[in-house]
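The next block holds one structure in the form of structure tokens; read it before the comments.
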Amino acid sequence: MAKMYYEKDCNLDVLNGKTIAIIGYGSQGHAHALNLRDSGCNVIVGLRPGGKSWPIAEKDGFQVFSVPEAAKKADIVMMLINDEVQAEVYRKDIAPNLEAGNAIAFAHGFNIRYKQIVPPADVDVFMAAPKGPGHTVRSTYVAGKGVPCLIAVEQDATGKAYDIALAYIAGIGGARAGILETTMDEETETDLFGEQTVLCGGVVDLMRCGFEVLVEAGYKPENAYFECIHEMKLIIDLVNKGGIAAMNYSISDTAEFGEYVSGPRVLPAEQVKANMRAVLKDIQDGTFAGKWIAENKNGRTFFNSKRAQLAKHPMEIVGKELREQMLWKNDSDLDTASN
């Protein structure tokens, strides 16, 4: 069983006297910054001058600096900007301002795993990765709870990196739920695999195929949207709370029987697993990372075309129209704003 940590294992006092620079103020950035400050930590924010997040962070009461200034002032630098821009920002703005004994932290191991960022040997390198979106990290903290987190220490230059990482995660509320020990290699590879084969790639294609089959068979697209897309969250919420057994307990016996007889017809296990192994190999040997890095260097032509194509798909158009008519469309749980 993997090692788990909780509040009793963390000492927030380890962060006393330290300045934490949060680089980025998007979904994760705003949550980390606000939670850490509410936990009594000294937090500053590093952003690109003129960026849209600068006035938002100032409005939230933070001292905001350019990224180089924030890195120079900080003892701990947390990188919460997009994976694809981290390496350039690190080389240009952060590396020249790191001092021996500082720590650089990440919420995802991509740039460390694929050596796009190689910190000097005299700084701590750790990962504090909440397993949930930023607005959930914030809302659960405010509610007195927390989002489970992963912890990994890639480099322990000071001999205190684990203590600092645990304290950091406690500061954002993760120790209230549980902290799972891993490595940055393992987190990166399993995270990319899960996203591509199940959570994003797999689920999106499954929903799209179901929607298209029903519509092509003559059923109303609104019905197809509800049955193949809208209800996905309801099912996953049940799994999240009590596993597949809890989901099966909550659905009808008819639905459960259909799960057993039709699921394997749609997703024949051996073929699906063979395809998944091929995806995993591309992640492990760096093929996927190389494609993504090249895509960003070459103007994102493929990425942007696929995004535009998806926006025009009937399931997205019908879904938007339906959601606009729902009474819960302004529900705060759906709000991904910064505060």
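Every chain in the structure tokens has a letter given in the order shown (A, B, ...), and although residue numbers restart at 1 in each chain, ligands are simply numbered from 1 in the order shown.
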
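Those residues in range 151-189 of chain A carrying a DSSP assignment of helix (DSSP H, G or I), computed from the backbone, are Ala161, Tyr162, Asp163, Ile164, Ala165, Leu166, Ala167, Tyr168, Ile169, Ala170, Gly171, Gly174, Ala175, Arg176, Met184, Asp185, Glu186, Glu187, Thr188 and Glu189 of chain A.
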
Per residue of range 267-308 of chain A within 9 Å of range 74-92 of chain A, record the nearest atom pair and its distance in Å to one decimal, counting only C-alpha atoms, with rows in chain order and ascending residue number, as CSV.
```
residue,atom,partner,partner_atom,distance
A:Trp292,CA,A:Glu84,CA,8.0
A:Ile293,CA,A:Glu84,CA,6.9
A:Asn296,CA,A:Glu84,CA,6.9
```

Could you turn the residues from that selection into a file that holds C-alpha atoms, as a PDB file, in the first residue's frame?
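Output contents, as saved in selection_33.pdb:
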```pdb
ATOM      1  CA  TRP A 292       3.139  18.208 -27.786  1.00  0.00           C
ATOM      2  CA  ILE A 293       6.340  20.226 -27.532  1.00  0.00           C
ATOM      3  CA  ASN A 296       3.494  24.354 -29.458  1.00  0.00           C
TER       4      ASN A 296
END
```

Test item: residues at most 10 Å from Ile317 in chain A, only C-alpha atoms, excluding those fewer than 6 positions along its chain, as number ranges by chain
A: 221, 310-311

For each of A:Ser27, A:Lys18, A:Leu280, A:Val45, take the minimum atom-to-atom distance to Gly194 in chain A, counting only C-alpha atoms, then give the residue where this is smallest.
A:Leu280

Identify, on the basis of only C-alpha atoms, every residue whose closest approach to Val147 in chain A does not exceed 9 Å; exclude the query and any residue fewer than 3 positions from it along the same chain; express the result as a CSV table (one decimal) with N, CA, C and O atoms, in the first residue's frame.
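The file below, selection.csv, is the result:
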```csv
chain,number,residue,atom,x,y,z
A,130,PRO,N,-2.8,18.6,-6.4
A,130,PRO,CA,-4.2,18.3,-6.0
A,130,PRO,C,-4.9,17.5,-7.1
A,130,PRO,O,-4.7,17.8,-8.3
A,131,LYS,N,-5.7,16.5,-6.7
A,131,LYS,CA,-6.4,15.7,-7.7
A,131,LYS,C,-7.8,16.3,-7.9
A,131,LYS,O,-8.8,15.6,-7.6
A,132,GLY,N,-7.8,17.5,-8.3
A,132,GLY,CA,-9.1,18.2,-8.6
A,132,GLY,C,-8.8,19.6,-9.2
A,132,GLY,O,-7.7,20.1,-9.1
A,136,THR,N,-12.4,23.7,-7.2
A,136,THR,CA,-12.7,22.7,-6.2
A,136,THR,C,-11.7,22.7,-5.0
A,136,THR,O,-12.1,22.6,-3.9
A,137,VAL,N,-10.4,22.9,-5.4
A,137,VAL,CA,-9.4,23.1,-4.3
A,137,VAL,C,-9.8,24.2,-3.4
A,137,VAL,O,-9.7,24.1,-2.2
A,138,ARG,N,-10.3,25.3,-4.0
A,138,ARG,CA,-10.7,26.5,-3.2
A,138,ARG,C,-12.0,26.3,-2.4
A,138,ARG,O,-12.0,26.5,-1.2
A,140,THR,N,-13.6,23.5,-1.5
A,140,THR,CA,-13.5,22.5,-0.4
A,140,THR,C,-12.7,23.1,0.8
A,140,THR,O,-13.1,22.8,1.9
A,141,TYR,N,-11.7,23.8,0.5
A,141,TYR,CA,-10.9,24.5,1.6
A,141,TYR,C,-11.8,25.4,2.4
A,141,TYR,O,-11.8,25.3,3.7
A,172,ILE,N,-2.6,24.2,1.5
A,172,ILE,CA,-3.7,24.3,0.5
A,172,ILE,C,-4.9,23.4,0.8
A,172,ILE,O,-5.9,23.4,0.1
A,173,GLY,N,-4.8,22.7,2.0
A,173,GLY,CA,-5.9,21.9,2.4
A,173,GLY,C,-5.9,20.4,2.1
A,173,GLY,O,-6.8,19.7,2.5
A,174,GLY,N,-4.8,20.0,1.4
A,174,GLY,CA,-4.8,18.6,0.9
A,174,GLY,C,-4.6,17.6,2.1
A,174,GLY,O,-5.1,16.5,1.9
A,175,ALA,N,-4.0,18.0,3.2
A,175,ALA,CA,-3.8,17.1,4.3
A,175,ALA,C,-5.1,16.7,5.0
A,175,ALA,O,-5.2,15.8,5.7
A,176,ARG,N,-6.2,17.6,4.8
A,176,ARG,CA,-7.5,17.3,5.4
A,176,ARG,C,-8.1,16.0,4.7
A,176,ARG,O,-8.9,15.4,5.3
A,177,ALA,N,-7.7,15.8,3.5
A,177,ALA,CA,-8.3,14.7,2.7
A,177,ALA,C,-7.3,13.5,2.7
A,177,ALA,O,-7.7,12.3,2.9
A,178,GLY,N,-6.1,13.8,2.5
A,178,GLY,CA,-5.1,12.7,2.4
A,178,GLY,C,-4.0,13.0,1.3
A,178,GLY,O,-4.3,13.6,0.3
```

Env of Gln63 in chain A: 8 Å cut, atoms = only C-alpha atoms, seq-sep filter 2 positions within chain, self excluded. Answer as an MDAnalysis selection string.
chainID A and resid 44:45 57:58 61 65

Store the residues picked out above, limited to N, CA, C and O atoms, as a tab-separated table (two decimals), in the first residue's frame.
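Saved result, out15.tsv, follows:
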```tsv
chain	number	residue	atom	x	y	z
A	44	ILE	N	3.13	35.68	-2.29
A	44	ILE	CA	3.13	36.70	-3.33
A	44	ILE	C	2.79	36.01	-4.66
A	44	ILE	O	2.84	34.78	-4.76
A	45	VAL	N	2.46	36.80	-5.66
A	45	VAL	CA	2.07	36.24	-6.95
A	45	VAL	C	2.97	36.80	-8.04
A	45	VAL	O	3.25	38.00	-8.07
A	57	ALA	N	-5.54	39.30	-9.21
A	57	ALA	CA	-4.75	38.96	-8.03
A	57	ALA	C	-4.63	40.14	-7.08
A	57	ALA	O	-4.68	39.99	-5.86
A	58	GLU	N	-4.45	41.34	-7.64
A	58	GLU	CA	-4.39	42.54	-6.80
A	58	GLU	C	-5.72	42.76	-6.08
A	58	GLU	O	-5.74	43.10	-4.89
A	61	GLY	N	-6.10	40.98	-3.03
A	61	GLY	CA	-5.28	41.45	-1.92
A	61	GLY	C	-3.85	40.99	-1.92
A	61	GLY	O	-3.14	41.15	-0.91
A	65	PHE	N	4.01	40.75	-8.57
A	65	PHE	CA	5.28	41.17	-9.16
A	65	PHE	C	5.45	40.49	-10.52
A	65	PHE	O	4.75	39.52	-10.84
```

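Every protein, DNA or RNA residue with an atom at most 12 Å from Gly26 in chain A, where only C-alpha atoms count and chain neighbours fewer than 5 positions away do not, is listed here: Ala31, His32, Ala33, Leu34, Val45, Gly46, Leu47, Gly51, Lys52, Ser53, Trp54, Ile56, Ala57, Met79, Leu80, Ile81, Asn82, Pro133, Gly134, His135, Arg138, Thr336, Ala337, Ser338 and Asn339 of chain A.
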
Would you mind listing, for every residue of range 183-220 of chain A within 12 Å of range 268-278 of chain A, the two atoms forming the shortest contact and the distance between them in Å to one decimal, using only C-alpha atoms, sorted by chain and ascending residue number, as JSON lines?
```
{"residue": "A:Thr190", "atom": "CA", "partner": "A:Met276", "partner_atom": "CA", "distance": 11.8}
{"residue": "A:Leu192", "atom": "CA", "partner": "A:Met276", "partner_atom": "CA", "distance": 11.6}
{"residue": "A:Phe193", "atom": "CA", "partner": "A:Met276", "partner_atom": "CA", "distance": 8.1}
{"residue": "A:Gly194", "atom": "CA", "partner": "A:Met276", "partner_atom": "CA", "distance": 9.8}
{"residue": "A:Glu195", "atom": "CA", "partner": "A:Met276", "partner_atom": "CA", "distance": 11.5}
{"residue": "A:Gln196", "atom": "CA", "partner": "A:Met276", "partner_atom": "CA", "distance": 9.0}
{"residue": "A:Thr197", "atom": "CA", "partner": "A:Met276", "partner_atom": "CA", "distance": 6.4}
{"residue": "A:Val198", "atom": "CA", "partner": "A:Met276", "partner_atom": "CA", "distance": 9.3}
{"residue": "A:Gly201", "atom": "CA", "partner": "A:Met276", "partner_atom": "CA", "distance": 11.1}
{"residue": "A:Gly202", "atom": "CA", "partner": "A:Met276", "partner_atom": "CA", "distance": 9.9}
```

Compile the contact shell of Val123 in chain A as a VMD selection string: residues with an atom at most 8 Å away, counting only C-alpha atoms, same-chain residues fewer than 2 positions apart removed.
chain A and resid 98 to 104 119 to 121 125 155 to 158

Selection above as a file: N, CA and C atoms, as a short mmCIF file (atom, residue, chain, number, x, y, z; two decimals), in the first residue's frame:
```cif
data_model
loop_
_atom_site.label_atom_id
_atom_site.label_comp_id
_atom_site.auth_asym_id
_atom_site.auth_seq_id
_atom_site.Cartn_x
_atom_site.Cartn_y
_atom_site.Cartn_z
N LEU A 98 17.06 31.90 -8.85
CA LEU A 98 17.07 30.89 -7.80
C LEU A 98 18.37 30.96 -7.01
N GLU A 99 18.25 30.77 -5.71
CA GLU A 99 19.42 30.74 -4.84
C GLU A 99 19.53 29.38 -4.17
N ALA A 100 20.72 29.01 -3.76
CA ALA A 100 20.92 27.75 -3.06
C ALA A 100 20.00 27.69 -1.84
N GLY A 101 19.36 26.56 -1.67
CA GLY A 101 18.44 26.39 -0.53
C GLY A 101 17.01 26.74 -0.84
N ASN A 102 16.77 27.38 -1.99
CA ASN A 102 15.39 27.63 -2.42
C ASN A 102 14.71 26.32 -2.80
N ALA A 103 13.41 26.39 -3.02
CA ALA A 103 12.66 25.24 -3.51
C ALA A 103 11.85 25.67 -4.74
N ILE A 104 11.78 24.79 -5.72
CA ILE A 104 10.90 25.01 -6.86
C ILE A 104 9.91 23.85 -6.89
N PRO A 119 16.46 21.79 -12.81
CA PRO A 119 16.90 22.72 -11.77
C PRO A 119 18.33 22.42 -11.31
N PRO A 120 19.01 23.43 -10.75
CA PRO A 120 20.36 23.20 -10.22
C PRO A 120 20.33 22.25 -9.03
N ALA A 121 21.46 21.66 -8.74
CA ALA A 121 21.54 20.63 -7.70
C ALA A 121 21.36 21.18 -6.29
N VAL A 125 13.38 20.27 -5.13
CA VAL A 125 12.40 20.15 -6.20
C VAL A 125 11.32 19.19 -5.73
N GLN A 155 14.14 16.17 -5.71
CA GLN A 155 15.50 16.55 -5.30
C GLN A 155 15.44 17.17 -3.91
N ASP A 156 16.18 16.58 -2.99
CA ASP A 156 16.17 17.04 -1.59
C ASP A 156 17.52 17.65 -1.25
N ALA A 157 17.74 18.85 -1.72
CA ALA A 157 19.04 19.51 -1.54
C ALA A 157 19.27 19.95 -0.11
N THR A 158 18.20 20.35 0.59
CA THR A 158 18.34 20.89 1.93
C THR A 158 18.15 19.84 3.03
#
```

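Take CA of Asp205 in chain A and CA of Cys228 in chain A: the distance between them is 11.0 Å.
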
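When only C-alpha atoms are used to compute distances to Met207 in chain A, the closest of the residues A:Gly159, A:Asp185, A:Phe110, A:Met232 turns out to be A:Met232.
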
Output as a PyMOL selection string all residues of range 134-288 of chain A that backbone DSSP marks as strand (DSSP E or B).
chain A and resi 149-155+179-181

Kindly save the residues from that selection, with N, CA, C and O atoms included, as a PDB file, in the first residue's frame.
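Full text of selection.pdb as output:
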```pdb
ATOM      1  N   CYS A 149      -4.237  15.019  -2.432  1.00  0.00           N
ATOM      2  CA  CYS A 149      -3.073  15.499  -3.188  1.00  0.00           C
ATOM      3  C   CYS A 149      -2.032  14.398  -3.335  1.00  0.00           C
ATOM      4  O   CYS A 149      -1.961  13.465  -2.526  1.00  0.00           O
ATOM      5  N   LEU A 150      -1.205  14.543  -4.360  1.00  0.00           N
ATOM      6  CA  LEU A 150      -0.025  13.704  -4.523  1.00  0.00           C
ATOM      7  C   LEU A 150       1.196  14.502  -4.104  1.00  0.00           C
ATOM      8  O   LEU A 150       1.272  15.710  -4.338  1.00  0.00           O
ATOM      9  N   ILE A 151       2.145  13.817  -3.484  1.00  0.00           N
ATOM     10  CA  ILE A 151       3.406  14.449  -3.102  1.00  0.00           C
ATOM     11  C   ILE A 151       4.552  13.645  -3.708  1.00  0.00           C
ATOM     12  O   ILE A 151       4.518  12.415  -3.742  1.00  0.00           O
ATOM     13  N   ALA A 152       5.535  14.362  -4.211  1.00  0.00           N
ATOM     14  CA  ALA A 152       6.751  13.721  -4.704  1.00  0.00           C
ATOM     15  C   ALA A 152       7.917  14.671  -4.490  1.00  0.00           C
ATOM     16  O   ALA A 152       7.779  15.875  -4.678  1.00  0.00           O
ATOM     17  N   VAL A 153       9.035  14.140  -4.076  1.00  0.00           N
ATOM     18  CA  VAL A 153      10.258  14.930  -3.941  1.00  0.00           C
ATOM     19  C   VAL A 153      11.262  14.413  -4.952  1.00  0.00           C
ATOM     20  O   VAL A 153      11.704  13.271  -4.882  1.00  0.00           O
ATOM     21  N   GLU A 154      11.572  15.241  -5.903  1.00  0.00           N
ATOM     22  CA  GLU A 154      12.512  14.879  -6.964  1.00  0.00           C
ATOM     23  C   GLU A 154      13.951  15.130  -6.535  1.00  0.00           C
ATOM     24  O   GLU A 154      14.861  14.399  -6.921  1.00  0.00           O
ATOM     25  N   GLN A 155      14.141  16.172  -5.707  1.00  0.00           N
ATOM     26  CA  GLN A 155      15.499  16.550  -5.297  1.00  0.00           C
ATOM     27  C   GLN A 155      15.441  17.167  -3.910  1.00  0.00           C
ATOM     28  O   GLN A 155      14.718  18.142  -3.686  1.00  0.00           O
ATOM     29  N   ILE A 179      -2.774  12.665   1.596  1.00  0.00           N
ATOM     30  CA  ILE A 179      -1.664  12.945   0.690  1.00  0.00           C
ATOM     31  C   ILE A 179      -1.017  11.620   0.326  1.00  0.00           C
ATOM     32  O   ILE A 179      -0.545  10.883   1.189  1.00  0.00           O
ATOM     33  N   LEU A 180      -0.996  11.310  -0.953  1.00  0.00           N
ATOM     34  CA  LEU A 180      -0.443  10.044  -1.436  1.00  0.00           C
ATOM     35  C   LEU A 180       0.967  10.262  -1.960  1.00  0.00           C
ATOM     36  O   LEU A 180       1.202  11.141  -2.800  1.00  0.00           O
ATOM     37  N   GLU A 181       1.905   9.463  -1.490  1.00  0.00           N
ATOM     38  CA  GLU A 181       3.290   9.568  -1.922  1.00  0.00           C
ATOM     39  C   GLU A 181       3.482   8.897  -3.277  1.00  0.00           C
ATOM     40  O   GLU A 181       2.999   7.792  -3.513  1.00  0.00           O
TER      41      GLU A 181
END
```

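Among the candidates A:Glu324, A:Asp38, A:Asp163, A:Asp93, the residue lying nearest to Val14 in chain A is A:Asp163 (atoms considered: only C-alpha atoms).
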
Which value, in Å to one decimal, gives the distance between CA of Arg323 in chain A and CA of Phe226 in chain A?
10.5 Å

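Interatomic distance, CA of Ile23 in chain A against CA of Glu69 in chain A: 10.9 Å.
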